[in-house]
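**Student:** Just so it is clear, I am handing over entry.tsv, which has TSV, C-alpha atoms.
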chain	number	residue	atom	x	y	z
S	1467	ILE	CA	18.35	37.36	2.43
S	1468	ILE	CA	19.09	35.01	-0.43
S	1469	ILE	CA	17.36	31.67	-0.25
S	1470	ILE	CA	20.08	29.03	-0.21
S	1471	THR	CA	19.17	25.83	-2.05
S	1472	ALA	CA	22.61	24.29	-2.39
S	1473	THR	CA	26.03	24.42	-0.80
S	1474	GLY	CA	27.87	23.80	-4.06
S	1475	PRO	CA	27.76	22.09	-7.43
S	1476	ARG	CA	27.58	18.61	-5.88
S	1477	ALA	CA	24.55	19.32	-3.72
S	1478	GLN	CA	21.28	17.86	-5.00
S	1479	PRO	CA	18.39	19.67	-3.35
S	1480	GLU	CA	14.82	19.70	-4.56
S	1481	TRP	CA	14.57	21.91	-7.61
S	1482	VAL	CA	12.20	24.74	-8.46
S	1483	ASP	CA	11.38	25.80	-11.99
S	1484	CYS	CA	13.53	28.63	-13.33
S	1485	ILE	CA	10.65	31.05	-13.81
S	1486	GLN	CA	9.78	30.78	-10.13
S	1487	ALA	CA	13.48	30.98	-9.20
S	1488	SER	CA	13.88	34.15	-11.26
S	1489	ASP	CA	10.88	35.71	-9.51
S	1490	MET	CA	12.38	34.80	-6.13
S	1491	CYS	CA	15.71	36.38	-7.09
S	1492	ASN	CA	14.06	39.53	-8.44
S	1493	GLN	CA	12.29	40.05	-5.12
S	1494	ASN	CA	15.66	40.39	-3.42
S	1495	PRO	CA	17.54	43.59	-4.39
S	1496	TYR	CA	20.99	42.07	-3.91
S	1497	CYS	CA	20.25	38.92	-5.94
S	1498	SER	CA	18.39	40.93	-8.57
S	1499	SER	CA	21.28	43.35	-9.12
S	1500	ARG	CA	23.79	40.46	-9.44
S	1501	TYR	CA	21.46	38.72	-11.90
S	1502	ARG	CA	21.37	41.82	-14.10
S	1503	VAL	CA	25.16	42.03	-13.99
S	1504	MET	CA	25.48	38.37	-15.00
S	1505	ARG	CA	23.16	38.80	-17.97
S	1506	GLN	CA	25.39	41.66	-19.18
S	1507	CYS	CA	28.47	39.47	-18.72
S	1508	LEU	CA	27.00	36.80	-20.97
S	1509	VAL	CA	26.21	39.13	-23.88
S	1510	GLY	CA	28.51	39.17	-26.89
S	1511	LYS	CA	31.43	37.18	-28.17
S	1512	GLU	CA	33.74	38.03	-25.26
S	1513	LYS	CA	31.62	36.34	-22.57
S	1514	GLU	CA	34.26	33.71	-21.75
S	1515	ALA	CA	36.89	36.39	-21.14
S	1516	MET	CA	34.43	38.42	-19.09
S	1517	LEU	CA	33.61	35.46	-16.86
S	1518	ASP	CA	37.28	34.59	-16.40
S	1519	ASN	CA	38.78	38.04	-15.92
S	1520	ASN	CA	36.10	40.52	-14.89
S	1521	ARG	CA	35.83	40.77	-11.10
S	1522	GLU	CA	32.29	42.09	-11.19
S	1523	CYS	CA	31.19	39.13	-13.31
S	1524	GLN	CA	32.94	36.71	-10.98
S	1525	ALA	CA	31.35	38.32	-7.93
S	1526	ALA	CA	27.91	38.11	-9.54
S	1527	MET	CA	28.45	34.43	-10.34
S	1528	ASP	CA	29.50	33.71	-6.74
S	1529	VAL	CA	26.21	35.16	-5.51
S	1530	LEU	CA	24.07	33.35	-8.06
S	1531	LEU	CA	25.70	29.99	-7.38
S	1532	VAL	CA	24.00	29.97	-3.97
S	1533	SER	CA	20.71	31.46	-5.17
S	1534	PRO	CA	17.55	29.60	-6.25
S	1535	LEU	CA	18.62	30.13	-9.87
S	1536	TYR	CA	21.57	27.77	-9.66
S	1537	ASP	CA	19.53	24.64	-8.95
S	1538	CYS	CA	16.42	25.54	-10.93
S	1539	ARG	CA	15.16	23.25	-13.69
S	1540	CYS	CA	12.43	23.27	-16.34
S	1541	LYS	CA	9.61	20.83	-17.02
S	1542	ARG	CA	9.57	19.29	-20.47
S	1543	GLY	CA	6.71	20.75	-22.45
S	1544	MET	CA	5.76	23.32	-19.78
S	1545	LYS	CA	3.70	26.31	-20.88
S	1546	LYS	CA	6.58	28.82	-20.70
S	1547	GLU	CA	9.34	26.36	-21.53
S	1548	LEU	CA	11.43	28.76	-23.62
S	1549	GLN	CA	11.31	31.50	-20.97
S	1550	CYS	CA	12.26	28.96	-18.32
S	1551	LEU	CA	15.21	27.74	-20.38
S	1552	GLN	CA	16.39	31.29	-21.05
S	1553	ASN	CA	16.38	31.93	-17.30
S	1554	TYR	CA	18.37	28.74	-16.73
S	1555	TRP	CA	21.06	29.64	-19.25
S	1556	GLY	CA	21.14	33.14	-17.78
S	1557	ILE	CA	23.69	31.80	-15.31
S	1558	HIS	CA	24.61	28.39	-16.73
S	1559	MET	CA	25.78	29.68	-20.12
S	1560	GLY	CA	29.31	30.11	-18.83
S	1561	LEU	CA	29.50	26.98	-16.66
S	1562	GLY	CA	29.53	24.08	-19.15
S	1563	GLY	CA	32.16	22.98	-21.65
S	1564	ASP	CA	31.53	22.03	-25.25
S	1565	MET	CA	30.48	18.48	-24.41
S	1566	ASP	CA	29.34	18.54	-20.80
S	1567	ASP	CA	26.34	20.86	-20.54
S	1568	PRO	CA	24.05	19.65	-17.75
S	1569	SER	CA	20.44	19.08	-18.73
S	1570	PRO	CA	18.25	22.04	-17.76
S	1571	TYR	CA	15.24	19.76	-17.47
S	1572	GLU	CA	13.84	18.09	-14.38
S	1573	PRO	CA	15.45	14.73	-13.60
S	1574	VAL	CA	13.86	11.75	-15.30
S	1575	ALA	CA	11.78	9.74	-12.84
S	1576	PRO	CA	12.60	6.01	-12.84
S	1577	HIS	CA	10.01	4.11	-14.82
S	1578	HIS	CA	10.24	0.41	-15.54
S	1579	ASP	CA	9.63	-0.07	-19.25
S	1580	ALA	CA	11.49	-3.35	-19.61
S	1581	PHE	CA	8.57	-5.50	-20.72
S	1582	ARG	CA	7.19	-2.87	-23.03
S	1583	LEU	CA	10.63	-2.36	-24.53
S	1584	ALA	CA	11.17	-6.02	-25.22
S	1585	SER	CA	7.68	-6.94	-26.33
S	1586	ILE	CA	7.27	-4.40	-29.10
S	1587	SER	CA	10.61	-5.01	-30.74
S	1588	SER	CA	10.27	-8.53	-32.05
S	1589	GLY	CA	7.97	-10.83	-33.93
S	1590	ILE	CA	8.25	-8.57	-37.00
S	1591	THR	CA	8.07	-10.32	-40.35
S	1592	ARG	CA	8.91	-9.06	-43.82
S	1593	ASN	CA	5.25	-9.23	-44.80
S	1594	CYS	CA	4.14	-6.51	-42.40
S	1595	ASN	CA	4.94	-2.80	-42.28
S	1596	PRO	CA	4.90	-1.41	-38.71
S	1597	CYS	CA	5.48	2.13	-40.03
S	1598	LEU	CA	2.35	1.90	-42.18
S	1599	ASP	CA	0.46	0.55	-39.16
S	1600	ALA	CA	1.75	3.49	-37.11
S	1601	ALA	CA	0.46	5.95	-39.72
S	1602	LYS	CA	-2.95	4.24	-39.72
S	1603	ALA	CA	-3.07	4.39	-35.91
S	1604	CYS	CA	-2.25	8.11	-36.05
S	1605	ASN	CA	-5.06	8.74	-38.52
S	1606	LEU	CA	-7.52	7.11	-36.13
S	1607	ASN	CA	-6.62	9.62	-33.41
S	1608	SER	CA	-8.01	13.10	-34.04
S	1609	SER	CA	-5.14	15.00	-32.39
S	1610	CYS	CA	-2.42	12.97	-34.10
S	1611	LYS	CA	-4.11	13.20	-37.49
S	1612	LYS	CA	-4.59	16.97	-37.20
S	1613	GLN	CA	-1.04	17.74	-36.06
S	1614	ARG	CA	0.58	15.33	-38.51
S	1615	SER	CA	-1.39	16.78	-41.42
S	1616	ALA	CA	-0.37	20.28	-40.29
S	1617	TYR	CA	3.37	19.63	-40.24
S	1618	ILE	CA	3.33	17.66	-43.50
S	1619	ALA	CA	1.51	20.53	-45.22
S	1620	THR	CA	3.87	23.14	-43.76
S	1621	CYS	CA	7.01	21.16	-44.56
S	1622	SER	CA	5.83	20.49	-48.11
S	1623	LYS	CA	4.88	24.09	-48.90
S	1624	GLU	CA	7.15	26.15	-51.11
S	1625	ASP	CA	8.56	29.44	-49.83
S	1626	PRO	CA	8.59	31.74	-52.89
S	1627	ASN	CA	9.94	34.67	-50.85
S	1628	LYS	CA	13.26	32.89	-50.36
S	1629	GLY	CA	13.20	30.90	-53.58
S	1630	GLU	CA	13.31	27.70	-51.56
S	1631	SER	CA	11.21	24.56	-51.66
S	1632	CYS	CA	10.00	25.20	-48.11
S	1633	SER	CA	10.51	27.29	-44.98
S	1634	LYS	CA	12.67	25.18	-42.67
S	1635	LYS	CA	11.93	27.51	-39.74
S	1636	ARG	CA	8.16	27.04	-40.07
S	1637	CYS	CA	8.61	23.33	-40.75
S	1638	HIS	CA	10.64	22.89	-37.56
S	1639	LYS	CA	8.05	24.79	-35.55
S	1640	ALA	CA	5.25	22.56	-36.89
S	1641	LEU	CA	7.28	19.42	-36.08
S	1642	ARG	CA	7.88	20.64	-32.51
S	1643	GLN	CA	4.17	21.28	-32.09
S	1644	PHE	CA	3.38	17.78	-33.34
S	1645	LEU	CA	5.82	16.17	-30.91
S	1646	ASP	CA	4.76	18.40	-28.01
S	1647	ARG	CA	1.02	17.93	-28.47
S	1648	VAL	CA	0.63	14.34	-29.65
S	1649	PRO	CA	0.93	11.45	-27.14
S	1650	THR	CA	4.13	9.47	-27.52
S	1651	GLU	CA	2.15	6.28	-28.08
S	1652	PHE	CA	1.43	7.69	-31.53
S	1653	SER	CA	4.43	9.93	-32.29
S	1654	HIS	CA	7.06	7.41	-31.16
S	1655	ARG	CA	5.43	4.67	-33.18
S	1656	LEU	CA	5.95	6.81	-36.27
S	1657	LEU	CA	9.56	7.70	-35.43
S	1658	PHE	CA	10.80	4.37	-34.12
S	1659	CYS	CA	8.82	1.71	-35.95
S	1660	PRO	CA	10.95	-1.44	-36.41
S	1661	CYS	CA	11.47	-2.41	-40.04
S	1662	GLN	CA	12.40	-5.55	-41.96
S	1663	SER	CA	12.07	-4.12	-45.48
S	1664	VAL	CA	13.36	-1.18	-47.51
S	1665	GLY	CA	9.83	0.12	-48.08
S	1666	CYS	CA	9.15	0.26	-44.35
S	1667	ALA	CA	12.52	1.92	-43.62
S	1668	GLU	CA	11.97	4.52	-46.33
S	1669	ARG	CA	8.56	5.40	-44.88
S	1670	ARG	CA	10.24	5.78	-41.48
S	1671	ARG	CA	12.94	8.03	-42.96
S	1672	GLN	CA	10.30	10.21	-44.63
S	1673	THR	CA	8.34	10.69	-41.38
S	1674	ILE	CA	9.76	14.16	-40.65
S	1675	VAL	CA	9.66	15.30	-44.33
S	1676	PRO	CA	13.48	15.31	-44.50
S	1677	ASP	CA	13.76	17.29	-47.74
S	1678	CYS	CA	12.65	20.31	-45.72
S	1679	ALA	CA	13.21	19.52	-42.04
S	1680	TYR	CA	16.55	17.75	-42.36
S	1681	LYS	CA	18.49	18.34	-45.56
S	1682	ASP	CA	20.12	21.56	-46.72
S	1683	LYS	CA	22.06	22.70	-49.76
S	1684	GLU	CA	25.37	22.04	-48.02
S	1685	LYS	CA	26.42	19.98	-45.02
S	1686	PRO	CA	28.00	22.12	-42.30
S	1687	ASN	CA	30.77	20.85	-40.09
S	1688	CYS	CA	29.28	19.13	-37.04
S	1689	LEU	CA	31.21	21.33	-34.61
S	1690	GLU	CA	29.88	24.42	-36.36
S	1691	LEU	CA	26.34	23.00	-36.22
S	1692	ARG	CA	26.83	22.35	-32.51
S	1693	ARG	CA	28.06	25.92	-32.02
S	1694	VAL	CA	24.97	27.29	-33.79
S	1695	CYS	CA	22.72	25.02	-31.74
S	1696	ARG	CA	24.32	26.19	-28.50
S	1697	GLN	CA	23.49	29.80	-29.33
S	1698	ASP	CA	19.79	28.97	-29.11
S	1699	SER	CA	18.33	28.23	-25.66
S	1700	LEU	CA	15.88	25.58	-26.90
S	1701	CYS	CA	18.33	23.72	-29.15
S	1702	ARG	CA	21.10	23.86	-26.53
S	1703	SER	CA	18.75	22.54	-23.86
S	1704	ARG	CA	17.45	19.64	-25.91
S	1705	LEU	CA	20.93	18.70	-27.10
S	1706	ALA	CA	22.16	18.70	-23.49
S	1707	ASP	CA	19.19	16.55	-22.46
S	1708	TYR	CA	19.95	14.10	-25.28
S	1709	MET	CA	23.62	13.88	-24.31
S	1710	VAL	CA	22.72	13.21	-20.66
S	1711	ASN	CA	20.05	10.58	-21.34
S	1712	CYS	CA	21.76	8.85	-24.25
S	1713	VAL	CA	25.39	8.98	-23.16
S	1714	MET	CA	27.23	5.73	-23.83
S	1715	THR	CA	29.06	4.15	-20.92
S	1716	GLN	CA	31.17	1.06	-20.40
S	1717	HIS	CA	30.70	1.05	-16.64
S	1718	THR	CA	27.13	-0.22	-16.42
S	1719	VAL	CA	25.32	-3.39	-17.45
S	1720	SER	CA	22.86	-1.25	-19.39
S	1721	THR	CA	23.83	0.61	-22.55
S	1722	CYS	CA	22.03	3.71	-21.24
S	1723	PRO	CA	22.50	5.78	-18.08
S	1724	ASN	CA	18.79	5.50	-17.30
S	1725	GLN	CA	18.67	1.72	-17.36
S	1726	ASP	CA	15.29	1.77	-15.58
S	1727	ASN	CA	13.88	4.11	-18.22
S	1728	HIS	CA	15.29	3.39	-21.67
S	1729	GLN	CA	12.58	5.55	-23.19
S	1730	ALA	CA	14.19	8.66	-21.65
S	1731	CYS	CA	16.84	8.46	-24.39
S	1732	LEU	CA	14.26	8.01	-27.14
S	1733	ALA	CA	12.18	10.90	-25.81
S	1734	SER	CA	15.26	13.14	-25.74
S	1735	TYR	CA	16.08	12.12	-29.30
S	1736	ALA	CA	12.53	12.94	-30.45
S	1737	ARG	CA	12.65	16.37	-28.81
S	1738	LEU	CA	15.72	17.28	-30.87
S	1739	ILE	CA	13.56	17.08	-33.99
S	1740	GLY	CA	12.54	20.58	-35.01
S	1741	THR	CA	15.80	22.20	-33.86
S	1742	ASP	CA	19.00	23.02	-35.75
S	1743	MET	CA	20.32	19.66	-34.51
S	1744	THR	CA	17.42	17.69	-36.06
S	1745	PRO	CA	18.53	14.06	-36.49
S	1746	ASN	CA	17.17	11.51	-38.94
S	1747	TYR	CA	17.89	8.18	-40.61
S	1748	VAL	CA	20.50	8.83	-43.31
S	1749	ASP	CA	19.03	6.29	-45.77
S	1750	SER	CA	16.43	3.54	-46.14
S	1751	SER	CA	18.53	0.71	-44.71
S	1752	PHE	CA	16.60	-1.55	-42.37
S	1753	VAL	CA	19.72	-3.30	-41.03
S	1754	ASN	CA	22.84	-1.50	-39.86
S	1755	TRP	CA	20.93	1.77	-40.18
S	1756	THR	CA	22.54	5.06	-39.19
S	1757	ILE	CA	21.12	8.15	-37.52
S	1758	SER	CA	22.82	11.51	-37.80
S	1759	PRO	CA	22.23	15.26	-37.79
S	1760	TRP	CA	22.76	16.92	-41.18
S	1761	CYS	CA	26.48	17.55	-40.78
S	1762	THR	CA	29.93	16.17	-41.57
S	1763	CYS	CA	33.37	16.00	-39.97
S	1764	LYS	CA	35.19	16.50	-43.26
S	1765	GLY	CA	37.51	19.47	-43.15
S	1766	SER	CA	37.73	19.49	-39.35
S	1767	GLY	CA	41.52	19.77	-39.37
S	1768	ASN	CA	43.02	19.31	-35.92
S	1769	GLN	CA	39.50	19.13	-34.45
S	1770	GLU	CA	38.60	15.96	-36.33
S	1771	GLU	CA	38.77	13.75	-33.22
S	1772	GLU	CA	36.52	16.10	-31.27
S	1773	CYS	CA	34.12	16.26	-34.19
S	1774	MET	CA	33.98	12.48	-34.59
S	1775	ASN	CA	33.45	11.98	-30.85
S	1776	PHE	CA	30.45	14.30	-31.03
S	1777	LEU	CA	29.01	12.79	-34.21
S	1778	GLN	CA	29.28	9.26	-32.81
S	1779	TYR	CA	26.78	10.18	-30.10
S	1780	PHE	CA	24.32	9.79	-32.99
S	1781	THR	CA	25.88	7.50	-35.59
S	1782	ASN	CA	27.26	4.86	-33.24
S	1783	ASN	CA	25.03	5.09	-30.17
S	1784	THR	CA	24.03	1.70	-28.79
S	1785	CYS	CA	21.71	3.46	-26.36
S	1786	LEU	CA	19.54	4.39	-29.34
S	1787	SER	CA	19.76	1.14	-31.25
S	1788	GLU	CA	19.72	-1.56	-28.60
S	1789	PRO	CA	18.19	-1.74	-25.14
S	1790	SER	CA	19.96	-3.36	-22.24
S	1791	HIS	CA	21.32	-6.87	-22.81
S	1792	LEU	CA	20.02	-7.57	-19.32
S	1793	MET	CA	16.50	-6.76	-20.48
S	1794	ASP	CA	16.93	-9.09	-23.44
S	1795	THR	CA	17.95	-11.89	-21.09
S	1796	LEU	CA	15.24	-11.27	-18.50
S	1797	HIS	CA	12.48	-11.17	-21.10
S	1798	ALA	CA	13.70	-13.67	-23.67
S	1799	SER	CA	10.72	-15.88	-22.89
S	1800	GLU	CA	8.34	-12.97	-23.48
S	1801	MET	CA	9.80	-11.65	-26.72
S	1802	PHE	CA	6.98	-12.98	-28.88
S	1803	LEU	CA	4.18	-11.48	-26.79
S	1804	VAL	CA	3.80	-8.62	-29.22
S	1805	THR	CA	1.27	-5.94	-28.42
S	1806	GLU	CA	0.10	-3.41	-30.97
S	1807	LYS	CA	-1.25	-1.06	-28.31
S	1808	GLY	CA	2.05	-0.04	-26.71
S	1809	PRO	CA	4.16	2.84	-28.03
S	1810	ALA	CA	6.94	1.73	-30.33
S	1811	VAL	CA	10.55	2.24	-29.41
S	1812	MET	CA	13.72	1.57	-31.32
S	1813	HIS	CA	15.22	-1.88	-31.06
S	1814	TYR	CA	16.56	-3.34	-34.27
S	1815	ARG	CA	18.72	-6.32	-34.96
How does the structure come out when it is put into structure tokens?

**Tutor:**
Amino acid sequence: IIIITATGPRAQPEWVDCIQASDMCNQNPYCSSRYRVMRQCLVGKEKEAMLDNNRECQAAMDVLLVSPLYDCRCKRGMKKELQCLQNYWGIHMGLGGDMDDPSPYEPVAPHHDAFRLASISSGITRNCNPCLDAAKACNLNSSCKKQRSAYIATCSKEDPNKGESCSKKRCHKALRQFLDRVPTEFSHRLLFCPCQSVGCAERRRQTIVPDCAYKDKEKPNCLELRRVCRQDSLCRSRLADYMVNCVMTQHTVSTCPNQDNHQACLASYARLIGTDMTPNYVDSSFVNWTISPWCTCKGSGNQEEECMNFLQYFTNNTCLSEPSHLMDTLHASEMFLVTEKGPAVMHYR
């Protein structure tokens, strides 16, 4: 008997993590055999054709759509996160389009950050450097200091075997460890410190050691970078989570889908750092700044519109740059109650 957790794509039952769901499926011979078939269907370049035209693949998908695997999710930062994500994409790889992957992570719990969001974003003068203050705060915390020193050393180390200035793969791994292990009250202050000077903005841009973690010899096309990212379970998952939590919409008062938890977008952005889709500030501007992955839409041909639509999720995303106008209105009287203890989030004018 297969445990039914949903009656179709629109059902929203309680989720189980995908490692547990895989174990449940493997205990049932019928589900287990269909799961093995599906994994074979998703191997190689012809997976789309296999899913569309192969009856055995279609039959396996029909079974798995009503199994625990269909509605499973993964916890952010869980011990076996990569294994969980690989299990998730084991059946979801063929379900999403280029732009509409669902997030494989557990739904974000509503959390009211309105006061914190407003209070830490104002009262900044040109004579202070919040990014320098964030670095000092990190150095006073043993975990933050240790992990930050580790990724800076790794991302600054030359890789003589490849004749390169550094190993981007090792640098990305060290950055992911920093962001996974250090509390956001320290890491987000480093990434999202609000600036009113070029010096502050340049320090913010240099936070992830961009010469190694961000830049490359050539800029790939953004659609090609997205394709590469989607071949990796971790990068695809974190990109999907970013697109879900930071999607721009004209149908809500808020500029973010999670208007009760603006920090969900910022957290999703931070978790992209250390993947092929690593974003960063493109220069040291402190007004009208731009965030982007290391890619371009030049040479996109007839896919230029699709490419620009994707790139604008980073370069022109009001969800990243400005919190809800409603929050600004509700807390206008509190905007100068600045606290240095709260985690910094992005909110620049």

**Student:** What's the 10 Å shell around segment 1495-1503 of chain S, counting only C-alpha atoms, without same-chain residues fewer than 6 positions away, as a ChimeraX atom specification?

**Tutor:** /S:1467-1469,1488-1489,1522-1530,1532-1535,1556-1557

**Student:** Tell me which protein, DNA and RNA residues are within 12 Å of Phe1780 of chain S, counting all atoms listed in the file, leaving out same-chain ones fewer than 5 positions away, and put them as number ranges by chain.

**Tutor:** S: 1688, 1705, 1708-1709, 1712-1714, 1731-1732, 1735, 1738, 1743-1748, 1755-1761, 1773-1775, 1785-1787

**Student:** Between S:Cys1661, S:Asp1483, S:Asp1566, S:Cys1550, which one has atoms that come closest to Asp1537 of chain S, using only C-alpha atoms?

**Tutor:**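 Residue with the minimum atom-to-atom distance to Asp1537 of chain S: S:Asp1483.
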
**Student:** How many Å separate atom CA of Leu1689 of chain S from atom CA of Leu1531 of chain S?

**Tutor:**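 We find that atom CA of Leu1689 of chain S and atom CA of Leu1531 of chain S lie 29.1 Å from each other.
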
**Student:** In Å, how far is it from atom CA of Leu1645 of chain S to atom CA of Asp1749 of chain S?

**Tutor:**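 Atom CA of Asp1749 of chain S lies 22.2 Å from atom CA of Leu1645 of chain S.
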
**Student:** Using all atoms listed in the file, which residue out of S:Cys1604, S:Val1664, S:Thr1673, S:Ser1622 lies closest to Glu1651 of chain S?

**Tutor:**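 Checking each candidate against Glu1651 of chain S, we get S:Cys1604 as the closest.
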
**Student:** Using all atoms listed in the file, pick whichever of S:Gln1729, S:Ser1569, S:Thr1741, S:Ser1699 has the shortest atom-to-atom distance to Ala1640 of chain S.

**Tutor:** S:Thr1741

**Student:** What separation in Å, quoted to one decimal, exists between atom CA of Lys1639 of chain S and atom CA of Ser1653 of chain S?

**Tutor:**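 Atom-to-atom, atom CA of Lys1639 of chain S and atom CA of Ser1653 of chain S are spaced 15.6 Å apart.
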
**Student:** Find the residue from S:Ser1703, S:Thr1781, S:Ser1608, S:Gln1662 that sits nearest to Gln1552 of chain S; use all atoms listed in the file when measuring.

**Tutor:**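 Ranked by minimum distance to Gln1552 of chain S, first place goes to S:Ser1703.
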
**Student:** Which residue is closest to Cys1540 of chain S? Choose from S:Ala1667, S:Met1490, S:Met1504, S:Leu1700 and count only C-alpha atoms.

**Tutor:** S:Leu1700

**Student:** Would you mind telling me which residue in S:Arg1671, S:Leu1777, S:Asp1742, S:Cys1666 lies nearest to Asp1599 of chain S when using only C-alpha atoms?

**Tutor:**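 Selected residue with least distance to Asp1599 of chain S: S:Cys1666.
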
**Student:** Would you compute, for all listed atoms of segment 1484-1502 of chain S, the axis-aligned bounding box grown by 8 Å on each side, and then report its centre and edge lengths in Å rounded to one decimal, as JSON?

**Tutor:**
{"center_x": 16.8, "center_y": 36.1, "center_z": -8.8, "size_x": 30.0, "size_y": 31.0, "size_z": 26.7}

**Student:** If we count all atoms listed in the file and set the cut-off at 7 Å, which residues sit around Asp1646 of chain S, ignoring sequence neighbours fewer than 3 positions away in its own chain? Please answer as a ChimeraX atom specification.

**Tutor:** /S:1543,1642-1643
